[in-house]
Amino acid sequence: MVPAEGSPGGPGDAAGDGGFLLLRPPESGSVRKGVRLLCAWGPLTATGRRETSEQGCDPFAQTQRSKLQHRRARINQQINKEMRMRAGAENLFKATSNHKVKETVALELSYVNSNLQLLKEELEELNSSVDVYQNDSESISVPMIPLGLKETKEMDLMAPLKDLICEHYGEDGISFEKEIKELMELRQAMRTPSRNEAGLELLMEYYNQLYFLDNRFFPPNKNLGVFFHWYDSLTGVPSHQRALAFEKGSVLFNIGALHTQIGARQDRTTLQGVDRAIDAFQKAAGAFNYLKENFSNAPSLDMSTASLNMLVRLMIAQVQECVFEKVTLTSAQNDFFTQLQIAQEAARVEEVYSLVHQTMTQAHVKDYVPFSWATMVHVKSEHFKALSHYYAAVALCDCPSVSDADLPEHEKAFVQFHVTVPEGPSLHLVLQDQEERRKLGKAHLKKAIMRHEEAMRIHSLCKILRKMDILQEVLSFAHKRSLSKYSEIDHEEDFFETGDAPDIHPKTNQRPEIKSPNFSQVKVTDIFHRLGPLSVFSVKNKWCPARRVHLARGENGFGLTLRGDSPVLIAGVIPGGCASEAGLKEGDYIVSVNSEDCKWSKHAEVVQLLKSIGEEGVDIGVVTLQSSDGQNVADRRSVAMSSGGALLKNNKENSRKSLMNSKSASTLLAWSKKSKRSKSSTYSLPFATVGDESMY
């Protein structure tokens, strides 16, 4: 019976990854394989066909989204090729002293740089194709900004993992080809996730498997010899590192990017669609924020601190926009307080988009953020400022005058509504006099029209946005609506000059929440669980080659004490007893009984095997852990016990609970992951014993 180790428990600790749960593998089939097939082919429709148009996971499905991703991959490869050519030409230019060769190389460099500029513009246009990710509803809504997924190259892990299994674990690498192939298939599948929960689970599953991969195959003082290649999502520039942390960070970035695509595709004209969009964008913000706080010195610009900070703010702004839409969906049309609330919500959206625009136009960000993104954010800022003034005018002009009984409550709300007090009569008079309300409403409409026209002007400056019919329709509709309302309240006998309406005080009743990834939500089985429990059989531990000992039962039993589970520990050996004479030592781990693998066996299971033997005795396979200087850990036990008796406390599964709660549970030595290292002694035993020992 071989239990399997579960998935990370979440972002609850300082190391960036949480604890790990212990699960048994599914009795039949693999959950991962089912998800992978679903992603590749999609669910069956009523006609019996596979629905792949919205999956985007099948690399052969010719959907708009898959075509965009294929174009992105092609552009990334071309950028990689041109950059290699440029590097070679620059090296030749520096190395040669021949004048003619220098002229030829300089000409070649100018040609390569021109090609790179064209490819950069093509990739920017691709990143600006936000309309492809929007929903298919016929209703008009403001488009959202999604992110494209980072592309990666295929990897062949077969040879390096087989070599390490043979070298470090002493196992036959060929016998693990199935597991290695399964890992490679999982990595290949996560390159093209579907745009739904199944795709997110696939990415999260691979992310969780990287914990096991790190502890199984990435030693702290040696390189595995493989490179992880990823392309920048915004610039297409390739980066590669040996560090597994780069792989984890890139997958985490794609989790956030996929959340943005899911949020953008929701039909936000319904309450359910708005709530889903809010949830998706909040989770996207959480993924990017988690990446920013737990990783540093990223080799690609899209995962730099400045870029991630911009993306978090962008996601928060889009959440705030969805909150505004939710308020408009649930509001009563002629309620004074509701119209004021909508106006303040719009002002809040304008405020956060203004902050995003400032972030996008900073010197170290604007060079790689698509111009269409910055323009759209600027357009939205002006658009929602116009909407705040429009709804203020609606509250003043369309809602009935205030009665004396309701005046104090209305006046209190109106005092906090404007940033500055409006010029002219007192608020008391404005609220009760319909003509004064019309004048102030007219001033707000005048400002709304001006802001609408500014939004349309900025929109017209971007070639890519001009092609976006949805945004054009939204801006045009809002502008015409404000003009119509202005004409409705404008009187021919108005000879007064319309004053300048003060800005609306931004306020929201639902602040966006940054939802960090919940890694424990997706349970995974360690693909390489046959190697044994991670508490002992990890790449960070060393042990002597497994030795086989023949043990017979004496008059007083075997003369040993067993403790713990998976694997069972020989906690004590009676001097002169059968176990001592056979060569067993305190601190040995039982890995087999009569050639039956016992690495994952429970205490009771091993005891039952030992009790069932006859007079012929039993062959026991044991391993002994070594410290960093090559000595057996058991020889250091007295040092460990005297310096930390707290190690020997209740823990039924030999430190798996300490592994779950340890702040170094997911140590990643490269790429400067922000974590606190455990400072425990190298001589400490990697287990903690259960309270009850058993003598045999």
# chains A, B, ... in the order shown; residues from 1 in each chain; ligands from 1

$ residues_around --residues "segment 78-86 of chain A" --least-positions-apart "3" --cutoff "7 Å" --atoms "only C-alpha atoms" --output "PyMOL selection string"
chain A and resi 74-75+89-90+109+112+116+119+236-238

$ residues_around --residues "Lys385 of chain A" --least-positions-apart "2" --cutoff "6 Å" --atoms "only C-alpha atoms" --output "VMD selection string"
chain A and resid 347 350 382 to 383 387 to 388

$ write_last_selection --atoms "N, CA, C and O atoms" --output "PDB file, in the first residue's frame"
ATOM      1  N   ALA A 347     -16.468  57.839 -10.112  1.00  0.00           N
ATOM      2  CA  ALA A 347     -15.317  58.669  -9.750  1.00  0.00           C
ATOM      3  C   ALA A 347     -14.188  57.816  -9.182  1.00  0.00           C
ATOM      4  O   ALA A 347     -13.007  58.094  -9.417  1.00  0.00           O
ATOM      5  N   GLU A 350     -12.463  56.132 -12.078  1.00  0.00           N
ATOM      6  CA  GLU A 350     -11.582  57.121 -12.720  1.00  0.00           C
ATOM      7  C   GLU A 350     -10.294  57.298 -11.923  1.00  0.00           C
ATOM      8  O   GLU A 350      -9.201  57.399 -12.492  1.00  0.00           O
ATOM      9  N   GLU A 382     -10.849  59.038 -18.476  1.00  0.00           N
ATOM     10  CA  GLU A 382     -11.677  60.175 -18.903  1.00  0.00           C
ATOM     11  C   GLU A 382     -13.148  59.770 -19.014  1.00  0.00           C
ATOM     12  O   GLU A 382     -14.047  60.536 -18.651  1.00  0.00           O
ATOM     13  N   HIS A 383     -13.385  58.571 -19.507  1.00  0.00           N
ATOM     14  CA  HIS A 383     -14.755  58.088 -19.702  1.00  0.00           C
ATOM     15  C   HIS A 383     -15.509  58.011 -18.374  1.00  0.00           C
ATOM     16  O   HIS A 383     -16.660  58.469 -18.272  1.00  0.00           O
ATOM     17  N   LEU A 387     -18.742  59.905 -16.750  1.00  0.00           N
ATOM     18  CA  LEU A 387     -19.905  59.215 -16.192  1.00  0.00           C
ATOM     19  C   LEU A 387     -20.231  59.693 -14.779  1.00  0.00           C
ATOM     20  O   LEU A 387     -21.407  59.777 -14.400  1.00  0.00           O
ATOM     21  N   SER A 388     -19.214  60.005 -13.993  1.00  0.00           N
ATOM     22  CA  SER A 388     -19.485  60.493 -12.630  1.00  0.00           C
ATOM     23  C   SER A 388     -20.280  61.796 -12.671  1.00  0.00           C
ATOM     24  O   SER A 388     -21.223  61.995 -11.890  1.00  0.00           O
TER      25      SER A 388
END

$ select_by_dssp --residues "segment 459-585 of chain A" --states "helix (DSSP H, G or I)" --output "ChimeraX atom specification"
/A:459-460,463-466,469-489,519-521,529-531,578-582

$ write_last_selection --atoms "N, CA and C atoms" --output "compact mmCIF listing (two decimals), in the first residue's frame"
# COMPACT_ATOMS: atom_id res chain seq x y z
N HIS A 459 -8.88 58.38 -27.77
CA HIS A 459 -9.15 57.11 -28.47
C HIS A 459 -8.76 57.20 -29.93
N SER A 460 -9.02 58.32 -30.56
CA SER A 460 -8.73 58.47 -31.99
C SER A 460 -7.24 58.52 -32.29
N LYS A 463 -4.13 53.92 -33.30
CA LYS A 463 -4.58 53.20 -34.50
C LYS A 463 -5.27 51.89 -34.14
N ILE A 464 -4.71 51.17 -33.15
CA ILE A 464 -5.26 49.87 -32.78
C ILE A 464 -6.63 50.02 -32.13
N LEU A 465 -6.79 51.03 -31.27
CA LEU A 465 -8.08 51.24 -30.61
C LEU A 465 -9.15 51.69 -31.60
N ARG A 466 -8.74 52.40 -32.63
CA ARG A 466 -9.73 52.84 -33.64
C ARG A 466 -10.37 51.65 -34.33
N ASP A 469 -14.29 48.17 -32.45
CA ASP A 469 -15.65 48.69 -32.62
C ASP A 469 -16.40 48.79 -31.30
N ILE A 470 -16.16 47.82 -30.38
CA ILE A 470 -16.90 47.81 -29.12
C ILE A 470 -16.62 49.08 -28.32
N LEU A 471 -15.36 49.43 -28.18
CA LEU A 471 -15.00 50.61 -27.41
C LEU A 471 -15.54 51.87 -28.07
N GLN A 472 -15.48 51.91 -29.40
CA GLN A 472 -16.01 53.06 -30.14
C GLN A 472 -17.50 53.23 -29.86
N GLU A 473 -18.24 52.15 -29.86
CA GLU A 473 -19.67 52.21 -29.62
C GLU A 473 -19.98 52.68 -28.20
N VAL A 474 -19.22 52.19 -27.23
CA VAL A 474 -19.45 52.58 -25.83
C VAL A 474 -19.23 54.06 -25.65
N LEU A 475 -18.13 54.57 -26.19
CA LEU A 475 -17.82 56.00 -26.04
C LEU A 475 -18.85 56.86 -26.76
N SER A 476 -19.24 56.44 -27.95
CA SER A 476 -20.21 57.20 -28.73
C SER A 476 -21.58 57.23 -28.04
N PHE A 477 -21.99 56.07 -27.52
CA PHE A 477 -23.28 55.99 -26.84
C PHE A 477 -23.32 56.90 -25.61
N ALA A 478 -22.27 56.85 -24.80
CA ALA A 478 -22.23 57.67 -23.58
C ALA A 478 -22.22 59.16 -23.92
N HIS A 479 -21.50 59.53 -24.98
CA HIS A 479 -21.43 60.93 -25.40
C HIS A 479 -22.80 61.43 -25.86
N LYS A 480 -23.47 60.62 -26.68
CA LYS A 480 -24.79 61.01 -27.19
C LYS A 480 -25.81 61.09 -26.06
N ARG A 481 -25.70 60.20 -25.10
CA ARG A 481 -26.63 60.22 -23.97
C ARG A 481 -26.47 61.51 -23.15
N SER A 482 -25.23 61.94 -22.93
CA SER A 482 -25.00 63.19 -22.19
C SER A 482 -25.50 64.39 -22.98
N LEU A 483 -25.28 64.38 -24.30
CA LEU A 483 -25.77 65.48 -25.14
C LEU A 483 -27.29 65.54 -25.12
N SER A 484 -27.93 64.38 -25.17
CA SER A 484 -29.39 64.33 -25.14
C SER A 484 -29.93 64.87 -23.82
N LYS A 485 -29.30 64.48 -22.73
CA LYS A 485 -29.73 64.96 -21.41
C LYS A 485 -29.52 66.48 -21.29
N TYR A 486 -28.43 66.97 -21.86
CA TYR A 486 -28.14 68.41 -21.81
C TYR A 486 -29.20 69.19 -22.59
N SER A 487 -29.56 68.67 -23.78
CA SER A 487 -30.58 69.33 -24.60
C SER A 487 -31.94 69.30 -23.89
N GLU A 488 -32.17 68.25 -23.13
CA GLU A 488 -33.44 68.09 -22.44
C GLU A 488 -33.63 69.13 -21.34
N ILE A 489 -32.56 69.46 -20.62
CA ILE A 489 -32.69 70.39 -19.49
C ILE A 489 -32.29 71.82 -19.88
N PHE A 519 -3.08 27.17 -3.25
CA PHE A 519 -2.42 26.02 -3.84
C PHE A 519 -3.00 24.70 -3.35
N SER A 520 -3.55 24.69 -2.14
CA SER A 520 -4.10 23.45 -1.60
C SER A 520 -5.43 23.08 -2.25
N GLN A 521 -5.97 23.98 -3.07
CA GLN A 521 -7.26 23.72 -3.72
C GLN A 521 -7.15 22.57 -4.71
N HIS A 529 6.40 9.13 -6.36
CA HIS A 529 6.22 8.66 -4.99
C HIS A 529 6.87 7.31 -4.76
N ARG A 530 7.14 6.55 -5.83
CA ARG A 530 7.80 5.24 -5.67
C ARG A 530 9.21 5.37 -5.12
N LEU A 531 9.80 6.55 -5.23
CA LEU A 531 11.13 6.74 -4.67
C LEU A 531 11.12 6.74 -3.15
N CYS A 578 19.28 -10.32 18.75
CA CYS A 578 19.31 -10.84 17.37
C CYS A 578 19.55 -9.71 16.36
N ALA A 579 18.89 -8.59 16.55
CA ALA A 579 19.04 -7.48 15.61
C ALA A 579 20.46 -6.94 15.62
N SER A 580 21.04 -6.84 16.82
CA SER A 580 22.41 -6.33 16.93
C SER A 580 23.39 -7.28 16.26
N GLU A 581 23.23 -8.59 16.48
CA GLU A 581 24.13 -9.56 15.86
C GLU A 581 23.96 -9.60 14.34
N ALA A 582 22.74 -9.31 13.85
CA ALA A 582 22.51 -9.32 12.40
C ALA A 582 23.11 -8.09 11.72

$ residues_around --residues "Glu436 of chain A" --least-positions-apart "3" --cutoff "10 Å" --atoms "only C-alpha atoms" --output "JSON, numbers by chain"
{"A": [396, 397, 424, 425, 426, 427, 429, 430, 431, 432, 433, 439, 440, 441, 442]}

$ atom_distance --atom1 "atom CA of Val539 of chain A" --atom2 "atom CA of Pro219 of chain A"
5.5 Å

$ closest_residue --among "A:Gln241, A:Ser250, A:Ser110, A:Thr561" --to "Phe295 of chain A" --atoms "only C-alpha atoms"
A:Ser250

$ closest_residue --among "A:Leu161, A:Thr269, A:Lys283, A:Leu147" --to "Ser233 of chain A" --atoms "only C-alpha atoms"
A:Leu147

$ atom_distance --atom1 "atom CA of Glu409 of chain A" --atom2 "atom CA of Thr508 of chain A"
19.1 Å

$ residues_around --residues "Phe414 of chain A" --least-positions-apart "5" --cutoff "12 Å" --atoms "only C-alpha atoms" --output "PyMOL selection string"
chain A and resi 336-337+339-341+343-344+392+395-396+402+407-409+419-422+426-428+430-431+437+504-505
